[in-house]
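Asker: My file is model13.csv. It has CSV, C-alpha atoms:
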```csv
chain,number,residue,atom,x,y,z
U,1,MET,CA,-90.6,-64.8,-102.7
U,2,ILE,CA,-90.8,-64.3,-98.9
U,3,GLN,CA,-91.1,-67.7,-97.2
U,4,LYS,CA,-93.6,-68.0,-94.3
U,5,ILE,CA,-91.9,-70.0,-91.5
U,6,ALA,CA,-93.5,-71.2,-88.2
U,7,VAL,CA,-90.9,-71.6,-85.5
U,8,MET,CA,-92.2,-73.9,-82.8
U,9,MET,CA,-90.5,-73.5,-79.4
U,10,ASN,CA,-90.0,-76.0,-76.6
U,11,THR,CA,-90.5,-73.4,-73.8
U,12,ASN,CA,-91.3,-69.8,-73.1
U,13,LYS,CA,-88.0,-69.5,-71.1
U,14,LEU,CA,-84.8,-68.0,-72.5
U,15,GLY,CA,-82.2,-70.7,-72.1
U,16,GLY,CA,-79.1,-71.5,-74.1
U,17,ALA,CA,-81.0,-73.3,-76.9
U,18,GLU,CA,-83.5,-70.5,-77.3
U,19,ARG,CA,-80.8,-67.8,-77.3
U,20,SER,CA,-78.9,-69.8,-79.9
U,21,LEU,CA,-81.9,-70.2,-82.2
U,22,LEU,CA,-82.9,-66.5,-82.1
U,23,LEU,CA,-79.3,-65.5,-82.9
U,24,GLN,CA,-79.2,-67.9,-85.8
U,25,LEU,CA,-82.6,-66.8,-87.2
U,26,SER,CA,-81.6,-63.1,-86.9
U,27,THR,CA,-79.0,-63.6,-89.6
U,28,VAL,CA,-81.6,-64.6,-92.2
U,29,ARG,CA,-83.4,-62.2,-94.6
U,30,ASN,CA,-86.5,-62.4,-96.8
U,31,VAL,CA,-88.4,-64.7,-94.4
U,32,GLU,CA,-91.6,-64.1,-92.4
U,33,LEU,CA,-91.2,-65.7,-89.0
U,34,SER,CA,-94.0,-66.6,-86.5
U,35,PHE,CA,-92.9,-68.0,-83.2
U,36,TYR,CA,-95.3,-70.5,-81.5
U,37,VAL,CA,-94.5,-70.6,-77.8
U,38,PRO,CA,-96.1,-72.8,-75.2
U,39,ARG,CA,-98.3,-71.1,-72.6
U,40,LEU,CA,-96.6,-72.0,-69.3
U,41,ASP,CA,-96.7,-70.6,-65.8
U,42,GLY,CA,-94.6,-67.6,-65.1
U,43,HIS,CA,-93.2,-64.7,-67.2
U,44,SER,CA,-92.1,-65.5,-70.7
U,45,THR,CA,-88.6,-64.2,-70.9
U,46,LEU,CA,-88.5,-65.4,-74.5
U,47,LYS,CA,-91.3,-63.1,-75.6
U,48,SER,CA,-89.3,-60.0,-74.4
U,49,LEU,CA,-86.3,-60.8,-76.6
U,50,ILE,CA,-88.4,-61.7,-79.7
U,51,GLU,CA,-90.3,-58.4,-79.5
U,52,LYS,CA,-87.2,-56.4,-78.7
U,53,GLU,CA,-85.3,-57.7,-81.7
U,54,ASN,CA,-88.4,-57.5,-83.9
U,55,LEU,CA,-87.8,-61.1,-85.1
U,56,GLY,CA,-91.4,-62.0,-85.9
U,57,GLN,CA,-94.9,-62.6,-84.5
U,58,TYR,CA,-95.2,-64.1,-81.0
U,59,LYS,CA,-98.0,-66.6,-80.7
U,60,GLU,CA,-98.9,-68.9,-77.8
U,61,TYR,CA,-100.2,-72.4,-77.8
U,62,ASP,CA,-101.3,-74.8,-75.1
U,63,TYR,CA,-98.9,-77.6,-74.3
U,64,PRO,CA,-100.3,-80.4,-72.1
U,65,THR,CA,-98.9,-79.7,-68.7
U,66,SER,CA,-98.4,-83.3,-67.7
U,67,LEU,CA,-96.5,-84.1,-70.9
U,68,TYR,CA,-94.3,-81.0,-70.7
U,69,SER,CA,-93.3,-81.8,-67.1
U,70,LEU,CA,-92.2,-85.3,-68.1
U,71,SER,CA,-90.1,-84.2,-71.0
U,72,ARG,CA,-86.7,-84.6,-69.2
U,73,THR,CA,-87.5,-87.9,-67.6
U,74,ARG,CA,-86.6,-91.2,-69.2
U,75,VAL,CA,-90.2,-92.2,-69.1
U,76,LEU,CA,-91.5,-92.5,-72.6
U,77,PRO,CA,-93.8,-89.4,-73.1
U,78,GLY,CA,-96.2,-91.4,-75.3
U,79,LEU,CA,-97.0,-93.8,-72.5
U,80,ALA,CA,-97.7,-91.0,-70.0
U,81,ALA,CA,-99.8,-89.3,-72.7
U,82,ALA,CA,-101.9,-92.3,-73.4
U,83,GLY,CA,-103.9,-91.9,-70.2
U,84,ASN,CA,-104.8,-88.3,-71.1
U,85,ALA,CA,-105.4,-88.4,-74.9
U,86,LEU,CA,-107.7,-85.5,-74.9
U,87,SER,CA,-105.0,-83.2,-73.6
U,88,LEU,CA,-102.9,-84.1,-76.6
U,89,ILE,CA,-105.3,-83.5,-79.3
U,90,PHE,CA,-107.1,-80.4,-78.1
U,91,GLY,CA,-104.4,-78.3,-79.7
U,92,TYR,CA,-105.4,-79.5,-83.1
U,93,SER,CA,-107.9,-76.8,-83.8
U,94,GLN,CA,-105.7,-74.2,-82.3
U,95,LEU,CA,-102.6,-75.2,-84.3
U,96,ASN,CA,-104.5,-76.0,-87.5
U,97,GLU,CA,-103.2,-72.7,-89.0
U,98,LEU,CA,-99.7,-74.3,-89.2
U,99,THR,CA,-100.8,-75.8,-92.5
U,100,ASN,CA,-100.7,-72.3,-94.0
U,101,TYR,CA,-96.9,-72.1,-93.6
U,102,ASP,CA,-94.2,-73.1,-96.2
U,103,HIS,CA,-91.9,-74.4,-93.5
U,104,ILE,CA,-92.1,-75.5,-89.9
U,105,TYR,CA,-89.0,-75.3,-87.7
U,106,LEU,CA,-89.2,-77.5,-84.6
U,107,ASN,CA,-86.7,-76.3,-82.0
U,108,GLY,CA,-86.2,-79.3,-79.7
U,109,ASN,CA,-87.7,-82.6,-78.8
U,110,LYS,CA,-90.6,-81.7,-76.6
U,111,VAL,CA,-92.3,-79.6,-79.3
U,112,ALA,CA,-91.4,-82.1,-82.0
U,113,PHE,CA,-93.3,-84.9,-80.2
U,114,LEU,CA,-96.4,-82.7,-79.9
U,115,PHE,CA,-96.2,-81.5,-83.5
U,116,PHE,CA,-95.9,-85.0,-85.0
U,117,LEU,CA,-98.7,-86.3,-82.8
U,118,LEU,CA,-101.0,-83.5,-84.0
U,119,ASN,CA,-99.8,-83.9,-87.5
U,120,ILE,CA,-101.5,-87.3,-87.8
U,121,ARG,CA,-104.6,-85.3,-88.4
U,122,MET,CA,-103.0,-82.0,-89.6
U,123,LYS,CA,-101.1,-83.6,-92.4
U,124,PHE,CA,-98.7,-80.7,-93.0
U,125,LYS,CA,-97.2,-81.0,-96.5
U,126,GLY,CA,-94.5,-78.4,-96.4
U,127,LYS,CA,-90.8,-78.6,-95.4
U,128,LEU,CA,-89.9,-79.6,-91.8
U,129,THR,CA,-86.7,-78.9,-89.9
U,130,TRP,CA,-86.2,-80.6,-86.6
U,131,HIS,CA,-83.4,-79.0,-84.6
U,132,LEU,CA,-82.0,-81.5,-82.1
U,133,ARG,CA,-80.8,-79.9,-78.9
U,134,ASP,CA,-80.4,-83.1,-77.1
U,135,TYR,CA,-79.5,-86.8,-77.7
U,136,TYR,CA,-81.9,-89.4,-78.9
U,137,HIS,CA,-82.3,-92.0,-76.2
U,138,HIS,CA,-82.8,-95.3,-78.1
U,139,SER,CA,-85.3,-98.0,-77.1
U,140,LYS,CA,-87.4,-100.4,-79.2
U,141,LEU,CA,-90.6,-99.0,-77.9
U,142,SER,CA,-89.6,-95.3,-78.5
U,143,ALA,CA,-88.3,-96.2,-81.9
U,144,LEU,CA,-91.7,-97.8,-82.8
U,145,LEU,CA,-93.6,-94.8,-81.5
U,146,TRP,CA,-91.5,-92.2,-83.3
U,147,GLY,CA,-91.4,-94.4,-86.5
U,148,VAL,CA,-95.2,-94.1,-86.6
U,149,LEU,CA,-95.3,-90.4,-85.8
U,150,THR,CA,-92.6,-89.3,-88.2
U,151,ASN,CA,-93.7,-91.1,-91.3
U,152,VAL,CA,-92.5,-88.2,-93.4
U,153,PRO,CA,-90.9,-88.4,-96.9
U,154,LYS,CA,-87.1,-88.0,-96.6
U,155,GLU,CA,-87.1,-85.0,-99.0
U,156,ARG,CA,-89.3,-83.0,-96.6
U,157,LEU,CA,-87.6,-83.5,-93.2
U,158,GLU,CA,-84.1,-82.4,-92.3
U,159,PHE,CA,-82.4,-82.7,-88.9
U,160,ILE,CA,-80.1,-80.0,-87.5
U,161,CYS,CA,-77.7,-81.3,-84.9
U,162,ASN,CA,-75.9,-78.9,-82.6
U,163,SER,CA,-72.8,-81.1,-82.5
U,164,GLN,CA,-71.2,-84.1,-84.3
U,165,SER,CA,-71.9,-86.0,-81.1
U,166,VAL,CA,-75.6,-85.5,-81.5
U,167,GLN,CA,-75.4,-86.4,-85.1
U,168,LYS,CA,-73.7,-89.7,-84.4
U,169,GLN,CA,-76.5,-90.6,-81.9
U,170,LEU,CA,-79.0,-89.8,-84.6
U,171,LEU,CA,-77.7,-92.8,-86.5
U,172,LEU,CA,-79.2,-95.0,-83.9
U,173,SER,CA,-82.7,-93.6,-84.4
U,174,PRO,CA,-85.5,-94.4,-86.7
U,175,TRP,CA,-84.4,-91.4,-88.8
U,176,LYS,CA,-80.8,-92.5,-89.6
U,177,ASN,CA,-81.5,-92.3,-93.3
U,178,TYR,CA,-82.8,-88.7,-93.2
U,179,SER,CA,-80.6,-85.8,-94.1
U,180,SER,CA,-78.8,-84.1,-91.3
U,181,ARG,CA,-76.3,-81.3,-90.8
U,182,VAL,CA,-74.3,-79.9,-87.9
U,183,VAL,CA,-74.7,-76.3,-86.9
U,184,TYR,CA,-72.9,-75.2,-83.7
U,185,ASN,CA,-74.6,-72.8,-81.4
U,186,PRO,CA,-73.4,-69.2,-81.6
U,187,SER,CA,-72.4,-67.1,-78.6
U,188,GLY,CA,-74.1,-63.8,-79.1
U,189,GLY,CA,-71.2,-61.3,-79.5
U,190,LEU,CA,-70.0,-61.2,-75.9
U,191,LYS,CA,-66.5,-59.8,-76.7
U,192,ASN,CA,-65.4,-57.2,-74.1
U,193,ASP,CA,-62.4,-55.1,-73.5
U,194,ARG,CA,-61.7,-56.5,-70.0
U,195,SER,CA,-58.2,-57.8,-69.6
U,196,ILE,CA,-57.8,-60.6,-67.1
U,197,SER,CA,-54.6,-59.8,-65.3
U,198,SER,CA,-55.3,-62.2,-62.4
U,199,VAL,CA,-57.7,-65.0,-61.6
U,200,GLU,CA,-59.8,-64.2,-58.5
U,201,THR,CA,-63.2,-65.5,-59.4
U,202,LEU,CA,-64.1,-68.9,-60.8
U,203,GLY,CA,-67.5,-69.2,-62.6
U,204,PHE,CA,-69.9,-72.1,-63.1
U,205,VAL,CA,-72.8,-71.5,-65.5
U,206,SER,CA,-75.5,-74.1,-65.8
U,207,MET,CA,-79.1,-75.2,-65.3
U,208,MET,CA,-79.6,-77.0,-62.0
U,209,ALA,CA,-79.2,-80.6,-62.9
U,210,PRO,CA,-77.1,-83.5,-61.4
U,211,TRP,CA,-75.3,-84.3,-64.6
U,212,LYS,CA,-73.9,-80.7,-64.7
U,213,GLY,CA,-71.7,-81.6,-61.7
U,214,ILE,CA,-72.5,-78.6,-59.4
U,215,HIS,CA,-72.4,-80.9,-56.3
U,216,GLU,CA,-69.0,-82.1,-57.3
U,217,LEU,CA,-67.7,-78.6,-57.6
U,218,MET,CA,-69.0,-77.8,-54.1
U,219,PHE,CA,-67.1,-80.8,-52.7
U,220,PHE,CA,-64.1,-79.6,-54.5
U,221,ALA,CA,-64.4,-76.1,-53.0
U,222,TRP,CA,-64.8,-77.6,-49.5
U,223,MET,CA,-61.8,-79.8,-49.9
U,224,TYR,CA,-59.4,-77.3,-51.6
U,225,GLU,CA,-60.6,-74.0,-50.0
U,226,LYS,CA,-57.2,-73.2,-48.4
U,227,GLU,CA,-55.2,-74.2,-51.5
U,228,LEU,CA,-57.5,-72.1,-53.8
U,229,GLN,CA,-57.2,-69.1,-51.5
U,230,GLY,CA,-53.5,-69.5,-51.6
U,231,LEU,CA,-53.7,-69.0,-55.4
U,232,GLY,CA,-55.6,-65.8,-54.9
U,233,ILE,CA,-59.1,-67.3,-55.6
U,234,LYS,CA,-61.7,-65.3,-53.7
U,235,LYS,CA,-65.0,-66.6,-55.1
U,236,ILE,CA,-66.6,-69.5,-56.9
U,237,LYS,CA,-69.8,-68.1,-58.4
U,238,ILE,CA,-72.5,-70.5,-59.5
U,239,PHE,CA,-74.9,-69.0,-62.0
U,240,GLY,CA,-78.2,-70.7,-63.0
U,241,ASP,CA,-81.5,-72.2,-61.7
U,242,ASN,CA,-84.1,-74.9,-62.5
U,243,LEU,CA,-85.0,-72.9,-65.6
U,244,TYR,CA,-87.3,-75.2,-67.5
U,245,GLN,CA,-89.3,-76.5,-64.5
U,246,THR,CA,-89.7,-80.0,-65.8
U,247,SER,CA,-89.7,-83.3,-63.9
U,248,GLY,CA,-86.9,-85.8,-63.5
U,249,SER,CA,-83.8,-86.2,-61.4
U,250,HIS,CA,-83.1,-82.5,-61.5
U,251,SER,CA,-86.4,-81.3,-60.1
U,252,THR,CA,-85.2,-81.3,-56.5
U,253,TYR,CA,-81.6,-80.8,-57.2
U,254,LYS,CA,-81.5,-77.1,-56.2
U,255,GLU,CA,-82.8,-78.1,-52.7
U,256,GLU,CA,-80.3,-80.9,-52.5
U,257,LEU,CA,-77.5,-78.4,-53.2
U,258,GLN,CA,-78.7,-76.1,-50.5
U,259,ARG,CA,-78.5,-79.0,-48.0
U,260,LEU,CA,-75.1,-79.9,-49.3
U,261,ALA,CA,-73.9,-76.4,-48.7
U,262,LYS,CA,-74.7,-76.7,-45.0
U,263,LYS,CA,-72.9,-80.0,-44.6
U,264,PHE,CA,-69.8,-79.1,-46.6
U,265,PRO,CA,-69.6,-75.3,-46.3
U,266,SER,CA,-67.1,-73.2,-48.2
U,267,THR,CA,-66.7,-69.4,-47.9
U,268,LEU,CA,-65.8,-69.4,-51.6
U,269,VAL,CA,-69.1,-70.6,-53.0
U,270,SER,CA,-72.0,-68.3,-53.8
U,271,PHE,CA,-75.2,-69.0,-55.7
U,272,GLU,CA,-75.9,-66.1,-58.1
U,273,GLY,CA,-79.2,-67.3,-59.7
U,274,LEU,CA,-80.1,-66.3,-63.3
U,275,CYS,CA,-78.1,-63.6,-64.9
U,276,GLU,CA,-77.5,-62.3,-68.4
U,277,PRO,CA,-74.4,-63.8,-70.1
U,278,ARG,CA,-72.8,-60.4,-70.5
U,279,ASP,CA,-73.1,-59.8,-66.8
U,280,ILE,CA,-71.8,-63.3,-65.9
U,281,PHE,CA,-68.6,-63.0,-68.0
U,282,GLY,CA,-67.9,-59.6,-66.8
U,283,GLN,CA,-67.6,-61.0,-63.3
U,284,ILE,CA,-65.6,-64.2,-63.7
U,285,ASP,CA,-61.9,-64.8,-64.6
U,286,CYS,CA,-62.1,-68.5,-65.5
U,287,LEU,CA,-65.0,-70.8,-66.4
U,288,ILE,CA,-65.3,-74.2,-64.9
U,289,HIS,CA,-67.5,-76.5,-67.1
U,290,TYR,CA,-67.8,-79.7,-65.2
U,291,SER,CA,-70.5,-81.9,-66.7
U,292,LEU,CA,-70.4,-85.5,-65.5
U,293,GLU,CA,-72.2,-86.9,-68.5
U,294,ARG,CA,-71.8,-86.1,-72.2
U,295,GLU,CA,-74.0,-83.3,-73.3
U,296,PRO,CA,-75.0,-82.2,-76.7
U,297,PHE,CA,-72.9,-79.0,-77.1
U,298,GLY,CA,-72.0,-76.6,-74.2
U,299,ARG,CA,-72.9,-73.2,-75.5
U,300,VAL,CA,-71.4,-71.6,-72.4
U,301,LEU,CA,-67.9,-72.5,-73.7
U,302,VAL,CA,-68.4,-70.4,-76.8
U,303,GLU,CA,-69.7,-67.5,-74.7
U,304,ALA,CA,-66.6,-67.7,-72.6
U,305,TYR,CA,-64.4,-67.9,-75.7
U,306,GLU,CA,-65.8,-64.6,-77.1
U,307,ALA,CA,-65.8,-62.9,-73.7
U,308,GLY,CA,-62.1,-63.6,-73.3
U,309,VAL,CA,-62.5,-66.0,-70.3
U,310,PRO,CA,-60.3,-69.1,-70.1
U,311,VAL,CA,-62.1,-72.5,-69.9
U,312,ILE,CA,-61.6,-75.7,-68.0
U,313,THR,CA,-64.0,-78.5,-69.0
U,314,THR,CA,-64.6,-82.2,-68.7
U,315,GLY,CA,-65.1,-82.1,-72.5
U,316,LEU,CA,-67.7,-84.8,-72.6
U,317,GLY,CA,-69.9,-85.0,-75.7
U,318,GLY,CA,-70.2,-82.0,-77.9
U,319,ALA,CA,-68.1,-79.8,-75.6
U,320,GLY,CA,-65.1,-82.0,-76.5
U,321,GLU,CA,-65.4,-81.0,-80.1
U,322,ILE,CA,-64.7,-77.3,-79.6
U,323,LEU,CA,-61.9,-77.4,-77.1
U,324,GLU,CA,-58.5,-78.8,-77.7
U,325,SER,CA,-56.7,-79.4,-74.4
U,326,ASN,CA,-53.6,-77.4,-73.8
U,327,VAL,CA,-54.3,-75.3,-77.0
U,328,ASN,CA,-57.4,-73.2,-76.2
U,329,GLY,CA,-58.2,-74.4,-72.7
U,330,TYR,CA,-57.9,-77.5,-70.5
U,331,LYS,CA,-59.8,-80.7,-70.3
U,332,VAL,CA,-59.9,-82.5,-67.0
U,333,VAL,CA,-61.1,-85.9,-65.9
U,334,ALA,CA,-64.4,-85.8,-64.0
U,335,TYR,CA,-64.1,-86.5,-60.3
U,336,ASP,CA,-60.3,-86.0,-60.3
U,337,ARG,CA,-60.2,-83.0,-58.0
U,338,ARG,CA,-56.4,-82.9,-57.9
U,339,ASP,CA,-56.4,-82.6,-61.6
U,340,LEU,CA,-58.9,-79.8,-61.5
U,341,PHE,CA,-56.9,-77.9,-58.9
U,342,ASN,CA,-53.7,-78.3,-60.9
U,343,LYS,CA,-55.3,-76.9,-64.0
U,344,ILE,CA,-56.8,-73.9,-62.1
U,345,LYS,CA,-53.3,-73.3,-60.7
U,346,ASN,CA,-51.7,-73.3,-64.1
U,347,ILE,CA,-54.2,-70.8,-65.5
U,348,ALA,CA,-54.0,-68.6,-62.3
U,349,THR,CA,-50.2,-68.5,-62.1
U,350,ASN,CA,-49.1,-68.6,-65.8
U,351,ASN,CA,-50.0,-65.3,-67.6
U,352,VAL,CA,-48.6,-66.4,-70.9
U,353,LEU,CA,-50.5,-69.7,-70.9
U,354,ARG,CA,-53.8,-67.9,-69.9
U,355,MET,CA,-53.4,-65.3,-72.7
U,356,ARG,CA,-52.6,-68.0,-75.3
U,357,PHE,CA,-55.8,-69.9,-74.3
U,358,ILE,CA,-57.9,-66.7,-74.6
U,359,THR,CA,-56.4,-65.8,-78.0
U,360,LYS,CA,-56.9,-69.3,-79.5
U,361,SER,CA,-60.4,-69.5,-78.0
U,362,PHE,CA,-61.5,-66.3,-79.6
U,363,THR,CA,-60.3,-67.6,-83.0
U,364,LYS,CA,-62.4,-70.7,-82.4
U,365,ALA,CA,-65.5,-68.6,-81.6
U,366,GLU,CA,-65.0,-66.6,-84.8
U,367,GLU,CA,-64.8,-69.9,-86.8
U,368,ILE,CA,-68.1,-71.1,-85.3
U,369,GLN,CA,-69.8,-67.9,-86.0
U,370,LYS,CA,-68.7,-67.1,-89.6
U,371,ASN,CA,-70.8,-69.8,-91.4
U,372,ILE,CA,-74.0,-69.5,-89.4
U,373,ALA,CA,-75.8,-67.1,-91.9
U,374,VAL,CA,-74.9,-69.3,-94.8
U,375,ASP,CA,-76.1,-72.4,-93.0
U,376,MET,CA,-79.4,-70.9,-92.0
U,377,GLU,CA,-80.1,-69.6,-95.5
U,378,LYS,CA,-79.8,-73.2,-96.7
U,379,ILE,CA,-81.8,-74.6,-93.9
U,380,LEU,CA,-84.7,-72.2,-94.2
U,381,SER,CA,-85.0,-72.7,-98.0
U,382,VAL,CA,-88.2,-74.6,-98.9
U,383,LYS,CA,-86.4,-76.3,-101.7
U,384,GLU,CA,-86.1,-80.1,-101.4
U,385,VAL,CA,-83.2,-81.2,-99.2
U,386,SER,CA,-80.6,-83.0,-101.4
```
As structure tokens, how would this structure be written, given the file I've shared?
Answerer:
Amino acid sequence: MIQKIAVMMNTNKLGGAERSLLLQLSTVRNVELSFYVPRLDGHSTLKSLIEKENLGQYKEYDYPTSLYSLSRTRVLPGLAAAGNALSLIFGYSQLNELTNYDHIYLNGNKVAFLFFLLNIRMKFKGKLTWHLRDYYHHSKLSALLWGVLTNVPKERLEFICNSQSVQKQLLLSPWKNYSSRVVYNPSGGLKNDRSISSVETLGFVSMMAPWKGIHELMFFAWMYEKELQGLGIKKIKIFGDNLYQTSGSHSTYKEELQRLAKKFPSTLVSFEGLCEPRDIFGQIDCLIHYSLEREPFGRVLVEAYEAGVPVITTGLGGAGEILESNVNGYKVVAYDRRDLFNKIKNIATNNVLRMRFITKSFTKAEEIQKNIAVDMEKILSVKEVS
């Protein structure tokens, strides 16, 4: 029997979470997928890939603009929504067709909030999967709100966490007694035949957000420019943008970085904007992943592993689970610029070390990838979760 599954997306943009899910879903057979994507300003880069890969139907729904923009702030979305209740329930008639599906897959927290709010009236009776791409931020008020919204029998709701770090945080939530499993994000098959014989270009790949540490990397480039050039480093390329266009501390970060570049200039640093992963990893010789706060996973690390690019990371949160320092890459202490320089020096000057990191990393990427199809078959089954 072919299962009808509605996949509700957080955004119409093609970020790491969206790439990961589409890759995961592409491994599953005998399912009929319909993608419900929010209608937002600008071109839907997500639509192009769904249609190109023939993954399923593409359907748009209206997401309250005010609620969407607040989704990355620490302001409780429910409080912001209270003053504009009509904008939160107008989608009921539009999304009432969701009751016709066997299974609803919620890819992220923004769409999960909207779904459960609408479900007070919709009363969907099938299986629910909520794929957590971010941490649950605990507070008594949010716990009360979510507890009311997600009054769903335990056998019908399962959580997918993209790292053990996220799963541990889930234990602080109102859903600590629900079933959950960890499924790491895949990379997308970025293996190439390029051999890195020297390290000339450092790469930084990230959305524009303060916790990603881009400003700290710029300070580092300004302070160590001569030393880096002495190692043969010619460029530090920063890839990314304010992709999701939501509110919060990151909404003006791009402009702040531009001002910072004028105060602390470095001839090494260049901003490359949004690029396809394959293009990015064809240009860089070492990835610097410098998050200043723990993050759920760090898909860019797995992309680098498969592309044969050595990695240096702060290893906070989920990123620390997939890199063993001195085995398949380096971990550094955030804000310790001397430590970062020394690790770059080691990779740039020690060919044996660099190749060992690359070989071990590729093995790690294969390990992550091999069980995805099996995991997704289990997740998308409409049988009760044990």
Asker: Show me the residues around (-94.6, -68.8, -82.3) - criterion: an atom at most 7 Å away, all atoms listed in the file counted - as a list in words.
Answerer: Ala6, Val7, Met8, Met9, Ser34, Phe35, Tyr36, Val37, Gln57, Tyr58, Lys59 and Glu60 of chain U
Asker: Have a look at atom CA of Asn242 of chain U and atom CA of Leu260 of chain U and let me know their distance in Å, one decimal.
Answerer: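 These two atoms are separated by 16.7 Å.
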Asker: If I take atom CA of Phe115 of chain U and atom CA of Ser139 of chain U, how far is one from the other in Å, to one decimal?
Answerer: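 Value for the atom CA of Phe115 of chain U-atom CA of Ser139 of chain U distance: 20.8 Å.
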Asker: For Lys176 of chain U, work out the shell of residues within 10 Å, counting only C-alpha atoms and skipping chain neighbours fewer than 5 positions away, then give it as a list of chain:residue names.
Answerer: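 Answer for this query is U:Phe159, U:Gln167, U:Lys168, U:Gln169, U:Leu170, U:Leu171.
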Asker: Keeping C-alpha atoms, export the residues of the selection given above as an mmCIF file, keeping the file's coordinate frame.
Answerer:
```cif
data_model
loop_
_atom_site.group_PDB
_atom_site.id
_atom_site.type_symbol
_atom_site.label_atom_id
_atom_site.label_comp_id
_atom_site.auth_asym_id
_atom_site.auth_seq_id
_atom_site.Cartn_x
_atom_site.Cartn_y
_atom_site.Cartn_z
ATOM 1 C CA PHE U 159 -82.400 -82.700 -88.900
ATOM 2 C CA GLN U 167 -75.400 -86.400 -85.100
ATOM 3 C CA LYS U 168 -73.700 -89.700 -84.400
ATOM 4 C CA GLN U 169 -76.500 -90.600 -81.900
ATOM 5 C CA LEU U 170 -79.000 -89.800 -84.600
ATOM 6 C CA LEU U 171 -77.700 -92.800 -86.500
#
```
Asker: Could you check which residues have any atom within 9 Å of (-70.9, -84.5, -66.2), counting all atoms listed in the file with coordinates taken straight from the file, and then list them as a compact mmCIF listing (two decimals) with C-alpha atoms, keeping the file's coordinate frame?
Answerer:
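Printed below is selection-v6.txt as written:
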```
# COMPACT_ATOMS: atom_id res chain seq x y z
CA PRO U 210 -77.10 -83.50 -61.40
CA TRP U 211 -75.30 -84.30 -64.60
CA LYS U 212 -73.90 -80.70 -64.70
CA GLY U 213 -71.70 -81.60 -61.70
CA HIS U 289 -67.50 -76.50 -67.10
CA TYR U 290 -67.80 -79.70 -65.20
CA SER U 291 -70.50 -81.90 -66.70
CA LEU U 292 -70.40 -85.50 -65.50
CA GLU U 293 -72.20 -86.90 -68.50
CA ARG U 294 -71.80 -86.10 -72.20
CA GLU U 295 -74.00 -83.30 -73.30
CA THR U 314 -64.60 -82.20 -68.70
CA GLY U 315 -65.10 -82.10 -72.50
CA LEU U 316 -67.70 -84.80 -72.60
CA ALA U 334 -64.40 -85.80 -64.00
```
Asker: Between U:Arg354, U:Lys140, U:Lys237, U:Lys360, which has the minimum distance to Cys275 of chain U (counting all atoms listed in the file)?
Answerer: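 Of all the options, U:Lys237 lies closest to Cys275 of chain U.
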